[in-house]
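> My questions all concern the structure below.
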Amino acid sequence: MTPVVIVFPGSNCDRDVADGLAAALGRRPQMVWHADSEIPKCDLIVLPGGFSYGDYLRSGAIAAHSPVMEEVKRRAEAGVPVLGICNGFQILTEAGLLPGVLLRNAGLGFVCRWTHLRVERADTVFTAGYTAGQVVRFPVAHHDGNFFTDPATLKRIEGEGQVAFRYCTASGEVAREANPNGSLNNIAGVFNEQRSVLGLMPHPDRAFDRALGGEDGKVLFRTLVEKLAA
Amino acid sequence: MQARVHISLKPGVLDPQGQAVESALKRLGFNGVASVRQGKVIDLDLKATDKAAAKAEVTKMCESLLANTVMESYAIEILG
């Protein structure tokens, strides 16, 4: 398996996610600078969390038009799995690789805390290590994580099974009080139609070691390594 | 040629910033405020000399970068 992590100016979880992948893989992923228009041969592209371009204009909007993103789009269209975490999720929506948009949190505040998430499906390259309905714990750290889309698109992504994770209580109830940011239907992460692109606001890269306070994220990285083993 | 782009959240899109401004205005005693929506204004200085060409160019800019039409609408003013 050959993962690549894209680094934008203002990315700040690029090393975290590289550590998570390295722990599962046994070697470091290759880092690719946003200004590069070439990406080496790879079977996974990761867009990390952070504040690319200072969140100017809209979170992820300027990064979505970086030189490297043309190639990310081409690879995604060719079926290469793409994972966007936090700012990476925002970039994927701005680039049109995922539906919806991440609005300012409903409570206006920056939310930084552990959340419980319900895994919606376990038949994808990202989530096969979990079981459908399982509750996992990843932390969130964002200001713009309020998933929104028009009613027709929401109906479509729900109908097509494109929801990956939902904010829930510790017992797995998808309840209003478990929603940290006002996201529609408690949506924390979505897939594209082919389920080869995943974006999520919570950070599996901050939950892959007990020293970080939890290791539910380890399963996601380990699953990618197993599923994409060449 | 100068152009001004007004970007606003579409009706129905939650605007927590507008709501915060609204409650602050009410706290200041502006009780006539029914609601507040917050947007942004982008001023552009263009090389184009033709109004129609300028508008067409700015429309492309809005569609590709300046606005996210999932949640925002835009209005273009060509100021001349």
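Ligands are numbered from 1 in the order shown, residues from 1 within each chain, and chains are lettered A, B, ... in the order they appear in the structure tokens.
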Specify as a VMD selection string all residues of chain A found within 9 Å of chain B, counting only C-alpha atoms.
chain A and resid 57 to 58 61 to 62 65 94 99 to 101 103 to 108 148 to 150
> Quick one: write out the picked residues with N, CA, C and O atoms as a tab-separated table (two decimals), in the first residue's frame?

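Dumped to again10.tsv:
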```
chain	number	residue	atom	x	y	z
A	57	LEU	N	-11.71	33.33	2.49
A	57	LEU	CA	-12.88	33.22	1.60
A	57	LEU	C	-13.90	32.26	2.19
A	57	LEU	O	-14.95	32.69	2.63
A	58	ARG	N	-13.62	30.95	2.18
A	58	ARG	CA	-14.42	29.94	2.89
A	58	ARG	C	-13.45	28.82	3.23
A	58	ARG	O	-12.49	28.59	2.48
A	61	ALA	N	-11.82	26.57	0.44
A	61	ALA	CA	-12.15	27.06	-0.91
A	61	ALA	C	-10.90	27.30	-1.76
A	61	ALA	O	-10.88	26.97	-2.95
A	62	ILE	N	-9.88	27.87	-1.16
A	62	ILE	CA	-8.70	28.21	-1.96
A	62	ILE	C	-7.85	26.96	-2.18
A	62	ILE	O	-7.36	26.72	-3.29
A	65	HIS	N	-8.58	24.75	-5.12
A	65	HIS	CA	-8.10	25.17	-6.44
A	65	HIS	C	-6.58	25.17	-6.52
A	65	HIS	O	-6.01	25.76	-7.43
A	94	GLU	N	-15.58	21.57	-1.37
A	94	GLU	CA	-15.32	22.75	-2.23
A	94	GLU	C	-14.84	22.32	-3.62
A	94	GLU	O	-15.08	23.01	-4.60
A	99	PRO	N	-20.57	15.76	-1.81
A	99	PRO	CA	-21.73	16.66	-1.79
A	99	PRO	C	-21.75	17.50	-0.52
A	99	PRO	O	-21.11	17.17	0.48
A	100	GLY	N	-22.51	18.60	-0.57
A	100	GLY	CA	-22.75	19.40	0.61
A	100	GLY	C	-21.68	20.43	0.86
A	100	GLY	O	-20.81	20.69	0.02
A	101	VAL	N	-21.76	21.03	2.05
A	101	VAL	CA	-20.86	22.10	2.42
A	101	VAL	C	-20.78	22.10	3.94
A	101	VAL	O	-21.70	21.61	4.61
A	103	LEU	N	-20.83	24.48	6.98
A	103	LEU	CA	-21.10	25.86	7.41
A	103	LEU	C	-20.48	26.12	8.78
A	103	LEU	O	-20.10	25.20	9.48
A	104	ARG	N	-20.45	27.41	9.15
A	104	ARG	CA	-20.07	27.79	10.52
A	104	ARG	C	-20.90	26.98	11.52
A	104	ARG	O	-22.09	26.76	11.31
A	105	ASN	N	-20.27	26.52	12.61
A	105	ASN	CA	-20.99	25.76	13.64
A	105	ASN	C	-22.22	26.54	14.12
A	105	ASN	O	-22.16	27.76	14.29
A	106	ALA	N	-23.30	25.81	14.34
A	106	ALA	CA	-24.56	26.47	14.73
A	106	ALA	C	-24.38	27.28	16.01
A	106	ALA	O	-24.98	28.34	16.16
A	107	GLY	N	-23.55	26.82	16.93
A	107	GLY	CA	-23.34	27.55	18.19
A	107	GLY	C	-22.31	28.66	18.08
A	107	GLY	O	-21.98	29.29	19.07
A	108	LEU	N	-21.78	28.85	16.89
A	108	LEU	CA	-20.77	29.88	16.57
A	108	LEU	C	-19.38	29.60	17.13
A	108	LEU	O	-18.39	30.11	16.64
A	148	PHE	N	-24.28	20.83	5.68
A	148	PHE	CA	-25.51	21.37	5.12
A	148	PHE	C	-25.60	21.03	3.64
A	148	PHE	O	-24.58	20.99	2.95
A	149	THR	N	-26.79	20.79	3.18
A	149	THR	CA	-27.03	20.69	1.75
A	149	THR	C	-28.51	20.94	1.49
A	149	THR	O	-29.30	20.99	2.44
A	150	ASP	N	-28.86	21.13	0.21
A	150	ASP	CA	-30.27	21.39	-0.06
A	150	ASP	C	-31.07	20.08	0.16
A	150	ASP	O	-30.50	19.00	0.13
```
> Just want the 7 Å neighbourhood of stretch 31-48 of chain A, counted on only C-alpha atoms, with same-chain residues fewer than 5 positions away dropped. Output as a compact mmCIF listing (two decimals) with all heavy atoms, in the first residue's frame.

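Produced file around10.txt, reproduced below:
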```
# COMPACT_ATOMS: atom_id res chain seq x y z
N MET A 1 0.84 -1.19 0.00
CA MET A 1 0.00 0.00 0.00
C MET A 1 0.88 1.24 0.00
O MET A 1 1.86 1.32 0.73
CB MET A 1 -0.87 -0.02 1.26
CG MET A 1 -1.90 1.07 1.28
SD MET A 1 -1.75 2.03 2.80
CE MET A 1 -3.28 2.92 2.79
N THR A 2 0.52 2.20 -0.86
CA THR A 2 1.36 3.39 -1.01
C THR A 2 0.49 4.64 -0.83
O THR A 2 -0.10 5.14 -1.78
CB THR A 2 1.99 3.41 -2.43
OG1 THR A 2 2.44 2.10 -2.73
CG2 THR A 2 3.16 4.37 -2.51
N PRO A 3 0.42 5.14 0.41
CA PRO A 3 -0.40 6.33 0.63
C PRO A 3 0.38 7.63 0.40
O PRO A 3 1.61 7.65 0.55
CB PRO A 3 -0.79 6.22 2.10
CG PRO A 3 0.26 5.39 2.74
CD PRO A 3 0.96 4.59 1.67
N VAL A 4 -0.36 8.67 0.06
CA VAL A 4 0.23 9.99 -0.13
C VAL A 4 -0.58 10.97 0.72
O VAL A 4 -1.82 10.89 0.74
CB VAL A 4 0.18 10.38 -1.64
CG1 VAL A 4 0.19 11.88 -1.83
CG2 VAL A 4 1.34 9.74 -2.39
N VAL A 5 0.10 11.85 1.44
CA VAL A 5 -0.58 12.90 2.21
C VAL A 5 -0.29 14.24 1.54
O VAL A 5 0.87 14.58 1.30
CB VAL A 5 -0.09 12.92 3.68
CG1 VAL A 5 -0.75 14.08 4.45
CG2 VAL A 5 -0.37 11.59 4.37
N ILE A 6 -1.33 14.97 1.21
CA ILE A 6 -1.15 16.29 0.58
C ILE A 6 -0.98 17.34 1.68
O ILE A 6 -1.75 17.35 2.66
CB ILE A 6 -2.37 16.68 -0.29
CG1 ILE A 6 -2.75 15.54 -1.26
CG2 ILE A 6 -2.12 17.98 -1.04
CD1 ILE A 6 -1.79 15.26 -2.38
N VAL A 7 0.01 18.21 1.52
CA VAL A 7 0.26 19.25 2.52
C VAL A 7 -0.04 20.62 1.90
O VAL A 7 0.55 20.98 0.88
CB VAL A 7 1.71 19.20 3.02
CG1 VAL A 7 1.92 20.21 4.15
CG2 VAL A 7 2.08 17.79 3.49
N PHE A 8 -0.97 21.33 2.51
CA PHE A 8 -1.31 22.69 2.07
C PHE A 8 -0.68 23.69 3.04
O PHE A 8 -0.39 23.35 4.19
CB PHE A 8 -2.84 22.87 2.09
CG PHE A 8 -3.59 21.95 1.18
CD1 PHE A 8 -4.09 20.74 1.64
CD2 PHE A 8 -3.77 22.27 -0.16
CE1 PHE A 8 -4.77 19.87 0.79
CE2 PHE A 8 -4.45 21.42 -1.02
CZ PHE A 8 -4.95 20.22 -0.54
N SER A 11 -1.96 23.47 6.67
CA SER A 11 -2.30 22.13 7.17
C SER A 11 -1.61 21.98 8.52
O SER A 11 -0.46 22.40 8.66
CB SER A 11 -1.77 21.03 6.24
OG SER A 11 -2.44 21.04 5.01
N CYS A 13 -2.49 18.89 10.55
CA CYS A 13 -2.65 17.50 10.99
C CYS A 13 -1.99 16.56 10.00
O CYS A 13 -2.25 15.36 10.02
CB CYS A 13 -4.12 17.16 11.14
SG CYS A 13 -4.91 18.06 12.48
N ASP A 14 -1.17 17.11 9.11
CA ASP A 14 -0.50 16.27 8.11
C ASP A 14 0.41 15.25 8.77
O ASP A 14 0.46 14.09 8.38
CB ASP A 14 0.25 17.13 7.08
CG ASP A 14 1.01 18.28 7.69
OD1 ASP A 14 0.56 18.84 8.71
OD2 ASP A 14 2.07 18.64 7.15
N VAL A 17 -1.74 12.50 10.71
CA VAL A 17 -2.32 11.44 9.87
C VAL A 17 -1.20 10.57 9.30
O VAL A 17 -1.36 9.35 9.14
CB VAL A 17 -3.27 12.02 8.80
CG1 VAL A 17 -2.54 12.62 7.62
CG2 VAL A 17 -4.25 10.96 8.34
N SER A 66 -5.92 24.51 -5.57
CA SER A 66 -4.46 24.36 -5.62
C SER A 66 -4.08 23.54 -6.84
O SER A 66 -4.85 22.70 -7.29
CB SER A 66 -3.97 23.57 -4.41
OG SER A 66 -4.02 24.33 -3.26
N PRO A 67 -2.84 23.74 -7.35
CA PRO A 67 -2.40 22.95 -8.50
C PRO A 67 -2.58 21.45 -8.29
O PRO A 67 -3.03 20.74 -9.19
CB PRO A 67 -0.92 23.32 -8.61
CG PRO A 67 -0.82 24.69 -8.01
CD PRO A 67 -1.86 24.75 -6.93
N VAL A 68 -2.27 20.96 -7.09
CA VAL A 68 -2.32 19.51 -6.86
C VAL A 68 -3.74 18.95 -6.96
O VAL A 68 -3.93 17.76 -7.26
CB VAL A 68 -1.69 19.18 -5.48
CG1 VAL A 68 -2.65 19.48 -4.34
CG2 VAL A 68 -1.19 17.75 -5.41
N GLU A 71 -4.93 17.02 -10.07
CA GLU A 71 -4.47 15.63 -10.13
C GLU A 71 -5.24 14.77 -9.11
O GLU A 71 -5.56 13.61 -9.40
CB GLU A 71 -2.96 15.58 -9.87
CG GLU A 71 -2.32 14.22 -10.04
CD GLU A 71 -2.49 13.59 -11.42
OE1 GLU A 71 -2.78 14.32 -12.40
OE2 GLU A 71 -2.37 12.34 -11.52
N VAL A 80 -9.04 5.95 -7.31
CA VAL A 80 -8.11 5.93 -6.18
C VAL A 80 -8.85 6.47 -4.94
O VAL A 80 -9.45 7.53 -5.00
CB VAL A 80 -6.85 6.80 -6.46
CG1 VAL A 80 -5.97 6.91 -5.22
CG2 VAL A 80 -6.06 6.23 -7.63
N PRO A 81 -8.84 5.71 -3.83
CA PRO A 81 -9.53 6.20 -2.63
C PRO A 81 -8.93 7.52 -2.12
O PRO A 81 -7.71 7.69 -2.14
CB PRO A 81 -9.32 5.09 -1.60
CG PRO A 81 -9.00 3.88 -2.41
CD PRO A 81 -8.28 4.38 -3.63
N VAL A 82 -9.80 8.41 -1.71
CA VAL A 82 -9.37 9.70 -1.16
C VAL A 82 -10.05 9.88 0.20
O VAL A 82 -11.26 9.67 0.33
CB VAL A 82 -9.75 10.88 -2.09
CG1 VAL A 82 -9.32 12.21 -1.49
CG2 VAL A 82 -9.13 10.70 -3.48
N LEU A 83 -9.25 10.24 1.21
CA LEU A 83 -9.76 10.46 2.56
C LEU A 83 -9.49 11.91 2.94
O LEU A 83 -8.34 12.36 2.87
CB LEU A 83 -9.03 9.52 3.54
CG LEU A 83 -9.22 9.77 5.04
CD1 LEU A 83 -10.67 9.54 5.46
CD2 LEU A 83 -8.30 8.86 5.86
N GLY A 84 -10.52 12.65 3.31
CA GLY A 84 -10.36 14.03 3.77
C GLY A 84 -10.83 14.15 5.21
O GLY A 84 -11.96 13.78 5.52
N ILE A 85 -9.94 14.61 6.07
CA ILE A 85 -10.29 14.74 7.49
C ILE A 85 -10.37 16.23 7.84
O ILE A 85 -9.43 16.97 7.57
CB ILE A 85 -9.23 14.05 8.37
CG1 ILE A 85 -9.10 12.56 8.02
CG2 ILE A 85 -9.56 14.24 9.86
CD1 ILE A 85 -7.91 11.87 8.64
N ASN A 87 -10.42 19.79 7.76
CA ASN A 87 -10.20 20.72 6.65
C ASN A 87 -10.13 19.95 5.32
O ASN A 87 -10.57 20.46 4.28
CB ASN A 87 -8.92 21.52 6.88
CG ASN A 87 -8.70 22.66 5.90
OD1 ASN A 87 -7.59 22.87 5.42
ND2 ASN A 87 -9.74 23.41 5.56
N GLY A 88 -9.65 18.72 5.36
CA GLY A 88 -9.61 17.89 4.15
C GLY A 88 -11.01 17.62 3.63
O GLY A 88 -11.25 17.58 2.42
N LEU A 228 -5.97 -2.19 0.92
CA LEU A 228 -5.24 -1.66 -0.24
C LEU A 228 -3.88 -2.34 -0.41
O LEU A 228 -3.07 -1.91 -1.22
CB LEU A 228 -5.07 -0.14 -0.11
CG LEU A 228 -6.37 0.65 0.01
CD1 LEU A 228 -6.11 2.11 0.28
CD2 LEU A 228 -7.21 0.49 -1.27
```
> So what do you get for atom CA of B:Arg37 versus atom CA of A:Tyr56, distance-wise?
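Value for the atom CA of B:Arg37-atom CA of A:Tyr56 distance: 19.7 Å.
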> For stretch 199-206 of chain A, please output as a PyMOL selection string all residues within 6 Å (counting only C-alpha atoms; exclusion window: fewer than 3 positions along the same chain).
chain A and resi 16-17+20+83-86+89+138-140+188-190+217
> Could you jot down the atom CA of A:Val136 to atom CA of A:Ser59 separation for me, Å, one decimal place?
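If I compute the distance from atom CA of A:Val136 to atom CA of A:Ser59, I get 26.1 Å.
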